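Structure file my_file.cif with mmCIF, N, CA, C and O atoms:
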data_input
loop_
_atom_site.label_atom_id
_atom_site.label_comp_id
_atom_site.auth_asym_id
_atom_site.auth_seq_id
_atom_site.Cartn_x
_atom_site.Cartn_y
_atom_site.Cartn_z
N MET A 1 3.36 33.08 14.71
CA MET A 1 2.37 32.07 15.04
C MET A 1 0.98 32.60 14.66
O MET A 1 0.62 33.70 15.03
N PRO A 2 0.18 31.82 13.95
CA PRO A 2 -1.14 32.29 13.56
C PRO A 2 -2.10 32.34 14.75
O PRO A 2 -1.95 31.59 15.71
N GLU A 3 -3.05 33.24 14.68
CA GLU A 3 -4.08 33.32 15.71
C GLU A 3 -5.18 32.32 15.35
O GLU A 3 -5.72 32.35 14.26
N ILE A 4 -5.48 31.44 16.27
CA ILE A 4 -6.47 30.40 16.03
C ILE A 4 -7.61 30.58 17.02
O ILE A 4 -7.38 30.75 18.22
N ARG A 5 -8.83 30.57 16.52
CA ARG A 5 -10.03 30.73 17.35
C ARG A 5 -10.88 29.47 17.29
O ARG A 5 -10.91 28.79 16.28
N THR A 6 -11.58 29.20 18.36
CA THR A 6 -12.50 28.08 18.38
C THR A 6 -13.93 28.60 18.26
O THR A 6 -14.23 29.72 18.68
N VAL A 7 -14.80 27.78 17.67
CA VAL A 7 -16.17 28.20 17.38
C VAL A 7 -17.16 27.22 18.00
O VAL A 7 -17.02 26.01 17.85
N LEU A 8 -18.16 27.76 18.67
CA LEU A 8 -19.28 26.98 19.17
C LEU A 8 -20.42 27.13 18.17
O LEU A 8 -20.81 28.26 17.86
N VAL A 9 -20.93 26.04 17.65
CA VAL A 9 -22.03 26.09 16.69
C VAL A 9 -23.32 25.80 17.45
O VAL A 9 -23.46 24.75 18.08
N LEU A 10 -24.25 26.76 17.39
CA LEU A 10 -25.53 26.64 18.08
C LEU A 10 -26.66 26.82 17.09
O LEU A 10 -26.55 27.58 16.13
N SER A 11 -27.77 26.21 17.38
CA SER A 11 -28.98 26.43 16.59
C SER A 11 -29.50 27.84 16.83
O SER A 11 -29.39 28.38 17.94
N THR A 12 -30.07 28.42 15.81
CA THR A 12 -30.71 29.74 15.97
C THR A 12 -31.91 29.65 16.92
O THR A 12 -32.37 30.68 17.40
N THR A 13 -32.39 28.45 17.20
CA THR A 13 -33.51 28.31 18.14
C THR A 13 -33.12 28.64 19.57
O THR A 13 -33.97 28.68 20.45
N HIS A 14 -31.84 28.90 19.82
CA HIS A 14 -31.40 29.29 21.16
C HIS A 14 -31.62 30.77 21.43
O HIS A 14 -31.24 31.26 22.50
N VAL A 15 -32.21 31.48 20.47
CA VAL A 15 -32.62 32.87 20.69
C VAL A 15 -34.08 33.02 20.32
O VAL A 15 -34.60 32.27 19.49
N THR A 16 -34.74 33.98 20.93
CA THR A 16 -36.14 34.24 20.62
C THR A 16 -36.25 34.97 19.28
O THR A 16 -35.26 35.55 18.80
N PRO A 17 -37.43 35.00 18.68
CA PRO A 17 -37.60 35.78 17.45
C PRO A 17 -37.23 37.26 17.63
O PRO A 17 -36.66 37.87 16.73
N PHE A 18 -37.53 37.83 18.79
CA PHE A 18 -37.17 39.23 19.04
C PHE A 18 -35.66 39.42 18.96
O PHE A 18 -35.16 40.34 18.31
N VAL A 19 -34.90 38.53 19.62
CA VAL A 19 -33.44 38.62 19.59
C VAL A 19 -32.92 38.34 18.18
O VAL A 19 -31.99 39.00 17.71
N ALA A 20 -33.53 37.39 17.48
CA ALA A 20 -33.12 37.10 16.09
C ALA A 20 -33.29 38.33 15.21
O ALA A 20 -32.40 38.67 14.42
N ASN A 21 -34.40 39.04 15.35
CA ASN A 21 -34.61 40.27 14.57
C ASN A 21 -33.58 41.33 14.94
O ASN A 21 -33.06 42.03 14.07
N TRP A 22 -33.25 41.43 16.22
CA TRP A 22 -32.24 42.39 16.66
C TRP A 22 -30.87 42.02 16.08
O TRP A 22 -30.13 42.89 15.61
N LEU A 23 -30.54 40.72 16.09
CA LEU A 23 -29.27 40.28 15.51
C LEU A 23 -29.23 40.55 14.01
O LEU A 23 -28.18 40.97 13.49
N ASN A 24 -30.33 40.34 13.31
CA ASN A 24 -30.37 40.67 11.88
C ASN A 24 -30.09 42.14 11.66
O ASN A 24 -29.33 42.51 10.76
N ALA A 25 -30.70 43.00 12.48
CA ALA A 25 -30.47 44.45 12.35
C ALA A 25 -29.01 44.79 12.65
O ALA A 25 -28.41 45.62 11.95
N GLN A 26 -28.42 44.14 13.66
CA GLN A 26 -27.01 44.39 13.98
C GLN A 26 -26.11 43.94 12.83
O GLN A 26 -25.10 44.57 12.54
N GLY A 27 -26.47 42.84 12.18
CA GLY A 27 -25.71 42.37 11.02
C GLY A 27 -25.75 43.37 9.89
O GLY A 27 -24.74 43.61 9.22
N GLU A 28 -26.92 44.00 9.67
CA GLU A 28 -27.03 45.03 8.64
C GLU A 28 -26.19 46.25 9.00
O GLU A 28 -25.54 46.84 8.14
N ILE A 29 -26.19 46.62 10.28
CA ILE A 29 -25.38 47.76 10.72
C ILE A 29 -23.89 47.44 10.54
O ILE A 29 -23.11 48.28 10.09
N ALA A 30 -23.50 46.21 10.88
CA ALA A 30 -22.09 45.81 10.73
C ALA A 30 -21.67 45.86 9.26
O ALA A 30 -20.58 46.33 8.93
N ALA A 31 -22.55 45.40 8.37
CA ALA A 31 -22.24 45.45 6.93
C ALA A 31 -22.11 46.89 6.46
O ALA A 31 -21.22 47.22 5.68
N ALA A 32 -22.98 47.76 6.96
CA ALA A 32 -22.91 49.17 6.59
C ALA A 32 -21.65 49.82 7.15
O ALA A 32 -21.09 50.73 6.53
N HIS A 33 -21.20 49.36 8.30
CA HIS A 33 -19.98 49.91 8.92
C HIS A 33 -18.77 49.73 8.01
O HIS A 33 -17.88 50.57 7.97
N HIS A 34 -18.74 48.64 7.26
CA HIS A 34 -17.62 48.41 6.35
C HIS A 34 -17.63 49.42 5.21
O HIS A 34 -16.60 49.72 4.62
N ARG A 35 -18.81 49.96 4.91
CA ARG A 35 -18.91 50.98 3.86
C ARG A 35 -18.78 52.39 4.43
O ARG A 35 -18.33 53.29 3.75
N SER A 36 -19.21 52.59 5.68
CA SER A 36 -19.16 53.91 6.31
C SER A 36 -18.85 53.74 7.79
O SER A 36 -19.69 53.22 8.54
N PRO A 37 -17.69 54.17 8.25
CA PRO A 37 -17.31 53.98 9.65
C PRO A 37 -18.19 54.73 10.65
O PRO A 37 -18.04 54.57 11.85
N ARG A 38 -19.13 55.54 10.17
CA ARG A 38 -20.01 56.26 11.09
C ARG A 38 -21.05 55.37 11.75
O ARG A 38 -21.66 55.75 12.73
N THR A 39 -21.26 54.19 11.21
CA THR A 39 -22.22 53.26 11.80
C THR A 39 -21.46 52.18 12.56
O THR A 39 -20.44 51.69 12.09
N MET A 40 -21.96 51.83 13.74
CA MET A 40 -21.31 50.80 14.54
C MET A 40 -22.37 49.89 15.14
O MET A 40 -23.31 50.36 15.77
N PRO A 41 -22.23 48.57 14.98
CA PRO A 41 -23.17 47.66 15.63
C PRO A 41 -22.89 47.61 17.14
O PRO A 41 -21.84 48.03 17.60
N ASP A 42 -23.84 47.09 17.90
CA ASP A 42 -23.66 46.97 19.35
C ASP A 42 -22.67 45.87 19.73
O ASP A 42 -22.16 45.86 20.84
N LEU A 43 -22.41 44.92 18.83
CA LEU A 43 -21.47 43.85 19.13
C LEU A 43 -20.80 43.39 17.85
O LEU A 43 -21.22 43.76 16.76
N HIS A 44 -19.75 42.59 17.98
CA HIS A 44 -19.03 42.07 16.83
C HIS A 44 -19.86 40.95 16.22
O HIS A 44 -20.03 39.90 16.84
N ILE A 45 -20.37 41.18 15.01
CA ILE A 45 -21.30 40.24 14.39
C ILE A 45 -21.10 40.21 12.89
O ILE A 45 -20.76 41.22 12.28
N ALA A 46 -21.30 39.04 12.32
CA ALA A 46 -21.36 38.88 10.87
C ALA A 46 -22.60 38.04 10.58
O ALA A 46 -22.73 36.93 11.10
N ALA A 47 -23.52 38.59 9.82
CA ALA A 47 -24.73 37.85 9.45
C ALA A 47 -24.44 37.02 8.22
O ALA A 47 -23.65 37.41 7.36
N HIS A 48 -25.05 35.85 8.14
CA HIS A 48 -24.95 35.01 6.95
C HIS A 48 -26.32 34.43 6.67
O HIS A 48 -27.26 34.63 7.44
N THR A 49 -26.47 33.73 5.58
CA THR A 49 -27.79 33.28 5.15
C THR A 49 -28.46 32.33 6.15
O THR A 49 -29.68 32.25 6.18
N ALA A 50 -27.69 31.64 6.97
CA ALA A 50 -28.27 30.69 7.91
C ALA A 50 -28.26 31.17 9.36
O ALA A 50 -28.67 30.45 10.26
N GLY A 51 -27.78 32.39 9.60
CA GLY A 51 -27.73 32.90 10.98
C GLY A 51 -26.71 34.00 11.17
O GLY A 51 -26.60 34.91 10.35
N TRP A 52 -25.91 33.88 12.23
CA TRP A 52 -24.94 34.92 12.58
C TRP A 52 -23.71 34.29 13.21
O TRP A 52 -23.79 33.27 13.87
N THR A 53 -22.58 34.94 13.03
CA THR A 53 -21.37 34.59 13.76
C THR A 53 -21.06 35.78 14.65
O THR A 53 -21.01 36.92 14.19
N ILE A 54 -20.88 35.49 15.92
CA ILE A 54 -20.72 36.54 16.93
C ILE A 54 -19.50 36.23 17.79
O ILE A 54 -19.28 35.08 18.19
N TYR A 55 -18.74 37.26 18.12
CA TYR A 55 -17.65 37.11 19.08
C TYR A 55 -18.26 36.83 20.45
O TYR A 55 -19.23 37.48 20.85
N ALA A 56 -17.73 35.88 21.17
CA ALA A 56 -18.24 35.52 22.50
C ALA A 56 -17.65 36.49 23.53
O ALA A 56 -16.65 36.21 24.18
N HIS A 57 -18.30 37.62 23.66
CA HIS A 57 -17.86 38.65 24.60
C HIS A 57 -17.93 38.14 26.04
O HIS A 57 -18.70 37.23 26.35
N GLU A 58 -17.16 38.76 26.91
CA GLU A 58 -17.35 38.51 28.34
C GLU A 58 -18.72 39.08 28.69
O GLU A 58 -19.07 40.18 28.24
N PRO A 59 -19.52 38.34 29.44
CA PRO A 59 -20.85 38.84 29.79
C PRO A 59 -20.78 40.25 30.40
O PRO A 59 -19.94 40.53 31.25
N GLY A 60 -21.65 41.12 29.90
CA GLY A 60 -21.74 42.48 30.40
C GLY A 60 -20.77 43.47 29.80
O GLY A 60 -20.97 44.68 29.90
N GLU A 61 -19.71 43.01 29.14
CA GLU A 61 -18.69 43.92 28.62
C GLU A 61 -19.02 44.50 27.24
O GLU A 61 -18.32 45.36 26.76
N TRP A 62 -20.04 44.03 26.59
CA TRP A 62 -20.37 44.44 25.23
C TRP A 62 -21.57 45.37 25.17
O TRP A 62 -21.88 45.93 24.13
N ILE A 63 -22.25 45.56 26.27
CA ILE A 63 -23.55 46.24 26.30
C ILE A 63 -23.40 47.73 25.98
O ILE A 63 -22.52 48.41 26.51
N LYS A 64 -24.28 48.20 25.12
CA LYS A 64 -24.37 49.62 24.76
C LYS A 64 -25.70 50.16 25.31
O LYS A 64 -26.64 49.39 25.53
N PRO A 65 -25.81 51.47 25.50
CA PRO A 65 -27.08 52.03 25.98
C PRO A 65 -28.28 51.69 25.08
O PRO A 65 -29.40 51.59 25.55
N SER A 66 -28.02 51.47 23.80
CA SER A 66 -29.10 51.18 22.86
C SER A 66 -29.52 49.71 22.85
O SER A 66 -30.51 49.35 22.20
N THR A 67 -28.81 48.84 23.57
CA THR A 67 -29.11 47.41 23.55
C THR A 67 -30.36 47.12 24.38
O THR A 67 -30.39 47.43 25.57
N PRO A 68 -31.38 46.49 23.80
CA PRO A 68 -32.59 46.16 24.57
C PRO A 68 -32.30 45.19 25.71
O PRO A 68 -31.47 44.28 25.59
N HIS A 69 -33.02 45.38 26.81
CA HIS A 69 -32.79 44.58 28.03
C HIS A 69 -32.93 43.08 27.77
O HIS A 69 -32.11 42.30 28.21
N GLY A 70 -33.96 42.62 27.08
CA GLY A 70 -34.15 41.20 26.82
C GLY A 70 -33.03 40.58 26.01
O GLY A 70 -32.70 39.41 26.17
N VAL A 71 -32.42 41.38 25.15
CA VAL A 71 -31.27 40.91 24.35
C VAL A 71 -30.07 40.69 25.26
O VAL A 71 -29.37 39.68 25.16
N ILE A 72 -29.85 41.62 26.17
CA ILE A 72 -28.69 41.55 27.08
C ILE A 72 -28.73 40.25 27.88
O ILE A 72 -27.74 39.51 27.93
N GLU A 73 -29.85 39.97 28.51
CA GLU A 73 -29.95 38.79 29.36
C GLU A 73 -29.72 37.50 28.56
O GLU A 73 -28.99 36.61 28.99
N MET A 74 -30.35 37.41 27.40
CA MET A 74 -30.24 36.19 26.60
C MET A 74 -28.82 35.99 26.08
O MET A 74 -28.25 34.91 26.21
N LEU A 75 -28.23 37.04 25.50
CA LEU A 75 -26.89 36.88 24.94
C LEU A 75 -25.83 36.72 26.02
O LEU A 75 -24.88 35.95 25.85
N ASP A 76 -25.99 37.40 27.16
CA ASP A 76 -25.02 37.21 28.24
C ASP A 76 -25.00 35.76 28.72
O ASP A 76 -23.94 35.21 29.01
N ARG A 77 -26.16 35.13 28.78
CA ARG A 77 -26.21 33.72 29.19
C ARG A 77 -25.49 32.84 28.17
O ARG A 77 -24.73 31.95 28.53
N ILE A 78 -25.71 33.12 26.88
CA ILE A 78 -25.05 32.34 25.82
C ILE A 78 -23.55 32.62 25.81
O ILE A 78 -22.74 31.71 25.68
N PHE A 79 -23.17 33.89 25.98
CA PHE A 79 -21.74 34.24 26.02
C PHE A 79 -21.06 33.54 27.20
O PHE A 79 -19.94 33.03 27.07
N ALA A 80 -21.71 33.53 28.37
CA ALA A 80 -21.12 32.87 29.54
C ALA A 80 -20.93 31.37 29.26
O ALA A 80 -19.89 30.80 29.59
N TYR A 81 -21.93 30.75 28.64
CA TYR A 81 -21.82 29.33 28.30
C TYR A 81 -20.65 29.10 27.34
O TYR A 81 -19.85 28.18 27.53
N ALA A 82 -20.54 29.93 26.32
CA ALA A 82 -19.45 29.80 25.34
C ALA A 82 -18.10 29.95 26.03
O ALA A 82 -17.17 29.16 25.77
N ARG A 83 -17.97 30.93 26.90
CA ARG A 83 -16.71 31.14 27.61
C ARG A 83 -16.38 29.95 28.50
O ARG A 83 -15.22 29.54 28.61
N GLU A 84 -17.39 29.36 29.15
CA GLU A 84 -17.17 28.17 29.97
C GLU A 84 -16.66 27.00 29.13
O GLU A 84 -15.91 26.16 29.63
N GLN A 85 -17.05 26.96 27.86
CA GLN A 85 -16.59 25.90 26.95
C GLN A 85 -15.23 26.21 26.35
O GLN A 85 -14.67 25.41 25.61
N GLY A 86 -14.70 27.42 26.62
CA GLY A 86 -13.39 27.80 26.12
C GLY A 86 -13.37 28.25 24.67
O GLY A 86 -12.34 28.14 24.01
N VAL A 87 -14.51 28.77 24.18
CA VAL A 87 -14.57 29.20 22.78
C VAL A 87 -14.62 30.72 22.67
O VAL A 87 -15.03 31.41 23.60
N ASP A 88 -14.20 31.22 21.51
CA ASP A 88 -14.14 32.65 21.24
C ASP A 88 -15.29 33.15 20.37
O ASP A 88 -15.63 34.31 20.41
N LEU A 89 -15.80 32.26 19.53
CA LEU A 89 -16.83 32.65 18.56
C LEU A 89 -18.04 31.73 18.66
O LEU A 89 -17.90 30.55 18.97
N ILE A 90 -19.20 32.31 18.36
CA ILE A 90 -20.43 31.53 18.32
C ILE A 90 -21.00 31.65 16.91
O ILE A 90 -21.17 32.76 16.40
N ASN A 91 -21.26 30.51 16.29
CA ASN A 91 -21.91 30.50 14.98
C ASN A 91 -23.33 29.98 15.19
O ASN A 91 -23.53 28.80 15.45
N PHE A 92 -24.29 30.89 15.13
CA PHE A 92 -25.69 30.50 15.17
C PHE A 92 -26.08 30.08 13.77
O PHE A 92 -25.96 30.86 12.83
N ASP A 93 -26.56 28.85 13.64
CA ASP A 93 -26.89 28.30 12.33
C ASP A 93 -28.26 27.64 12.41
O ASP A 93 -28.50 26.81 13.29
N ARG A 94 -29.15 28.00 11.50
CA ARG A 94 -30.51 27.45 11.55
C ARG A 94 -30.54 25.94 11.38
O ARG A 94 -31.49 25.29 11.78
N ASP A 95 -29.51 25.36 10.79
CA ASP A 95 -29.46 23.92 10.56
C ASP A 95 -28.72 23.15 11.65
O ASP A 95 -28.67 21.92 11.61
N ALA A 96 -28.16 23.85 12.62
CA ALA A 96 -27.42 23.19 13.70
C ALA A 96 -28.40 22.60 14.71
O ALA A 96 -29.53 23.08 14.85
N GLY A 97 -27.95 21.59 15.40
CA GLY A 97 -28.75 21.02 16.47
C GLY A 97 -28.72 21.93 17.69
O GLY A 97 -27.85 22.78 17.82
N PHE A 98 -29.69 21.74 18.57
CA PHE A 98 -29.66 22.54 19.79
C PHE A 98 -29.07 21.72 20.92
O PHE A 98 -28.99 20.50 20.84
N ILE A 99 -28.63 22.41 21.96
CA ILE A 99 -28.00 21.74 23.10
C ILE A 99 -28.91 21.86 24.31
O ILE A 99 -29.66 22.83 24.45
N ASP A 100 -28.84 20.89 25.18
CA ASP A 100 -29.70 20.86 26.36
C ASP A 100 -29.34 21.90 27.41
O ASP A 100 -30.17 22.23 28.25
N ASP A 101 -28.11 22.41 27.40
CA ASP A 101 -27.65 23.33 28.43
C ASP A 101 -28.20 24.75 28.28
O ASP A 101 -28.05 25.55 29.20
N LEU A 102 -28.80 25.06 27.13
CA LEU A 102 -29.36 26.39 26.90
C LEU A 102 -30.82 26.25 26.48
O LEU A 102 -31.18 25.28 25.81
N PRO A 103 -31.65 27.23 26.85
CA PRO A 103 -33.06 27.16 26.42
C PRO A 103 -33.16 27.24 24.89
O PRO A 103 -32.32 27.85 24.23
N ALA A 104 -34.20 26.61 24.37
CA ALA A 104 -34.50 26.68 22.93
C ALA A 104 -35.92 27.20 22.78
O ALA A 104 -36.77 26.98 23.65
N TYR A 105 -36.16 27.93 21.70
CA TYR A 105 -37.45 28.58 21.47
C TYR A 105 -37.98 28.19 20.10
O TYR A 105 -37.21 28.04 19.16
N GLU A 106 -39.27 28.05 20.01
CA GLU A 106 -39.89 27.75 18.71
C GLU A 106 -40.22 29.05 18.03
O GLU A 106 -40.69 29.99 18.63
N TRP A 107 -39.97 29.08 16.70
CA TRP A 107 -40.40 30.21 15.90
C TRP A 107 -40.96 29.78 14.60
O TRP A 107 -40.82 28.90 14.00
#
Could you write out this file's structure as structure tokens?
Amino acid sequence: MPEIRTVLVLSTTHVTPFVANWLNAQGEIAAAHHRSPRTMPDLHIAAHTAGWTIYAHEPGEWIKPSTPHGVIEMLDRIFAYAREQGVDLINFDRDAGFIDDLPAYEW
């Protein structure tokens, strides 16, 4: 039986510019990890031209000592929302609409 995952598509406006920059850096680390296993991102992430695809971790279970505090709070809230919706993955896309259940930020 194939493994099937569900995806929640969110606007990138659901994260602050600070978190967006951190996610971009994590995407670069993840890409480098494929070339050298010595580098590891703080979370499961794939960056793409319009945003990021992230595994919807259980809140608090993904945190590393290097993860900035503001990132933890914001992503844990989004991860909790995704889990409540029954999804495994979050695709942040700059062209997606935003939802009323999560804060949105202008950048």
Q. Which one of A:Ala96, A:Leu10, A:Ala104, A:Ile29 sits closest to A:Ala47 if you count only C-alpha atoms?
A. A:Ile29
Q.
So that I can see what lies close to A:Ile99, please list as a list in words the residues with an atom at most 9 Å from it, counting only C-alpha atoms and leaving out residues fewer than 2 positions away in the same chain.
A. Leu10, Ser11, His14, Gly97, Asp101, Leu102, Pro103 and Ala104 of chain A
Q: Select, from A:Ile72, A:Val19, A:Ile90, A:Ala82, the residue with the minimum atom-to-atom distance to A:Tyr55, counting only N, CA, C and O atoms.
A: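 Using only N, CA, C and O atoms, the shortest distance to A:Tyr55 belongs to A:Ile90.
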Q: Would you return as a list in words the members of stretch 1-89 of chain A that DSSP assigns to strand (DSSP E) on this structure's backbone?
A: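 The strand (DSSP E) residues within stretch 1-89 of chain A come out as Val7, Leu8, Val9, Leu10, Ser11, Ile45, Ala46, Ala47, His48, Gly51, Trp52, Thr53, Ile54, Tyr55 and Leu89 of chain A.
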Q: DSSP on the backbone, then: every residue of chain A marked alpha helix (DSSP H), written as an MDAnalysis selection string.
A: chainID A and resid 17:35 69:84
(Q) I'd like to see the residues matched by the PyMOL selection byres (((chain A and resi 43 and name CA) around 8) and name CA) on this file, and ideally I'd get them as a PyMOL selection string. (A) chain A and resi 26+41-42+44-45+54-55+62-63
Save the residues we just selected, N, CA, C and O atoms, as a PDB file, in the frame of the given file?
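File produced: selection13.pdb:
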ATOM      1  N   GLN A  26     -28.420  44.140  13.660  1.00  0.00           N
ATOM      2  CA  GLN A  26     -27.010  44.390  13.980  1.00  0.00           C
ATOM      3  C   GLN A  26     -26.110  43.940  12.830  1.00  0.00           C
ATOM      4  O   GLN A  26     -25.100  44.570  12.540  1.00  0.00           O
ATOM      5  N   PRO A  41     -22.230  48.570  14.980  1.00  0.00           N
ATOM      6  CA  PRO A  41     -23.170  47.660  15.630  1.00  0.00           C
ATOM      7  C   PRO A  41     -22.890  47.610  17.140  1.00  0.00           C
ATOM      8  O   PRO A  41     -21.840  48.030  17.600  1.00  0.00           O
ATOM      9  N   ASP A  42     -23.840  47.090  17.900  1.00  0.00           N
ATOM     10  CA  ASP A  42     -23.660  46.970  19.350  1.00  0.00           C
ATOM     11  C   ASP A  42     -22.670  45.870  19.730  1.00  0.00           C
ATOM     12  O   ASP A  42     -22.160  45.860  20.840  1.00  0.00           O
ATOM     13  N   HIS A  44     -19.750  42.590  17.980  1.00  0.00           N
ATOM     14  CA  HIS A  44     -19.030  42.070  16.830  1.00  0.00           C
ATOM     15  C   HIS A  44     -19.860  40.950  16.220  1.00  0.00           C
ATOM     16  O   HIS A  44     -20.030  39.900  16.840  1.00  0.00           O
ATOM     17  N   ILE A  45     -20.370  41.180  15.010  1.00  0.00           N
ATOM     18  CA  ILE A  45     -21.300  40.240  14.390  1.00  0.00           C
ATOM     19  C   ILE A  45     -21.100  40.210  12.890  1.00  0.00           C
ATOM     20  O   ILE A  45     -20.760  41.220  12.280  1.00  0.00           O
ATOM     21  N   ILE A  54     -20.880  35.490  15.920  1.00  0.00           N
ATOM     22  CA  ILE A  54     -20.720  36.540  16.930  1.00  0.00           C
ATOM     23  C   ILE A  54     -19.500  36.230  17.790  1.00  0.00           C
ATOM     24  O   ILE A  54     -19.280  35.080  18.190  1.00  0.00           O
ATOM     25  N   TYR A  55     -18.740  37.260  18.120  1.00  0.00           N
ATOM     26  CA  TYR A  55     -17.650  37.110  19.080  1.00  0.00           C
ATOM     27  C   TYR A  55     -18.260  36.830  20.450  1.00  0.00           C
ATOM     28  O   TYR A  55     -19.230  37.480  20.850  1.00  0.00           O
ATOM     29  N   TRP A  62     -20.040  44.030  26.590  1.00  0.00           N
ATOM     30  CA  TRP A  62     -20.370  44.440  25.230  1.00  0.00           C
ATOM     31  C   TRP A  62     -21.570  45.370  25.170  1.00  0.00           C
ATOM     32  O   TRP A  62     -21.880  45.930  24.130  1.00  0.00           O
ATOM     33  N   ILE A  63     -22.250  45.560  26.270  1.00  0.00           N
ATOM     34  CA  ILE A  63     -23.550  46.240  26.300  1.00  0.00           C
ATOM     35  C   ILE A  63     -23.400  47.730  25.980  1.00  0.00           C
ATOM     36  O   ILE A  63     -22.520  48.410  26.510  1.00  0.00           O
TER      37      ILE A  63
END
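Reported to one decimal place, the separation of atom CA of A:Ala80 from atom CA of A:Phe18 is 20.2 Å.
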Q. Closest to A:Gly27 among A:Ala46, A:Val15, A:Val71, A:Met40, using only N, CA, C and O atoms?
A.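 Smallest separation from A:Gly27 among the options: A:Ala46.
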Q: Please identify all polymer residues within 6 Å of A:Ala56, counting only N, CA, C and O atoms, omitting same-chain residues fewer than 6 positions from it, and present them as a VMD selection string.
A: chain A and resid 79 87 to 90
Q. So which residues touch A:Asn91 within 7 Å, counting only N, CA, C and O atoms, skipping near sequence neighbours fewer than 3 positions away, as JSON, numbers by chain?
A. {"A": [7, 8, 9, 10, 11, 12, 51, 52, 53, 54, 94]}
Q: For each of A:Ala20, A:Thr67, A:Glu106, A:His57, take the minimum atom-to-atom distance to A:Arg83, counting only C-alpha atoms, then give the residue where this is smallest.
A: A:His57
Q) How many Å lie between atom CA of A:Ala50 and atom N of A:Thr13, rounded to one decimal? A)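 These two atoms are separated by 10.4 Å.
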Listed atoms of stretch 64-71 of chain A boxed along x, y and z, 6 Å each side, centre and edge lengths in Å, one decimal, as AutoDock Vina command-line options:
--center_x -29.2 --center_y 45.7 --center_z 25.2 --size_x 21.9 --size_y 24.6 --size_z 18.0
Q. What gap, in Å, lies between atom O of A:Glu58 and atom N of A:Asp76?
A.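 Rounded to one decimal, the two atoms are 7.5 Å apart.
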Q) With only C-alpha atoms as the atoms that count, which of A:Gly60, A:Pro68, A:Ala30, A:Thr49 lies nearest to A:Phe92? A)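 Closest to A:Phe92, using only C-alpha atoms: A:Thr49.
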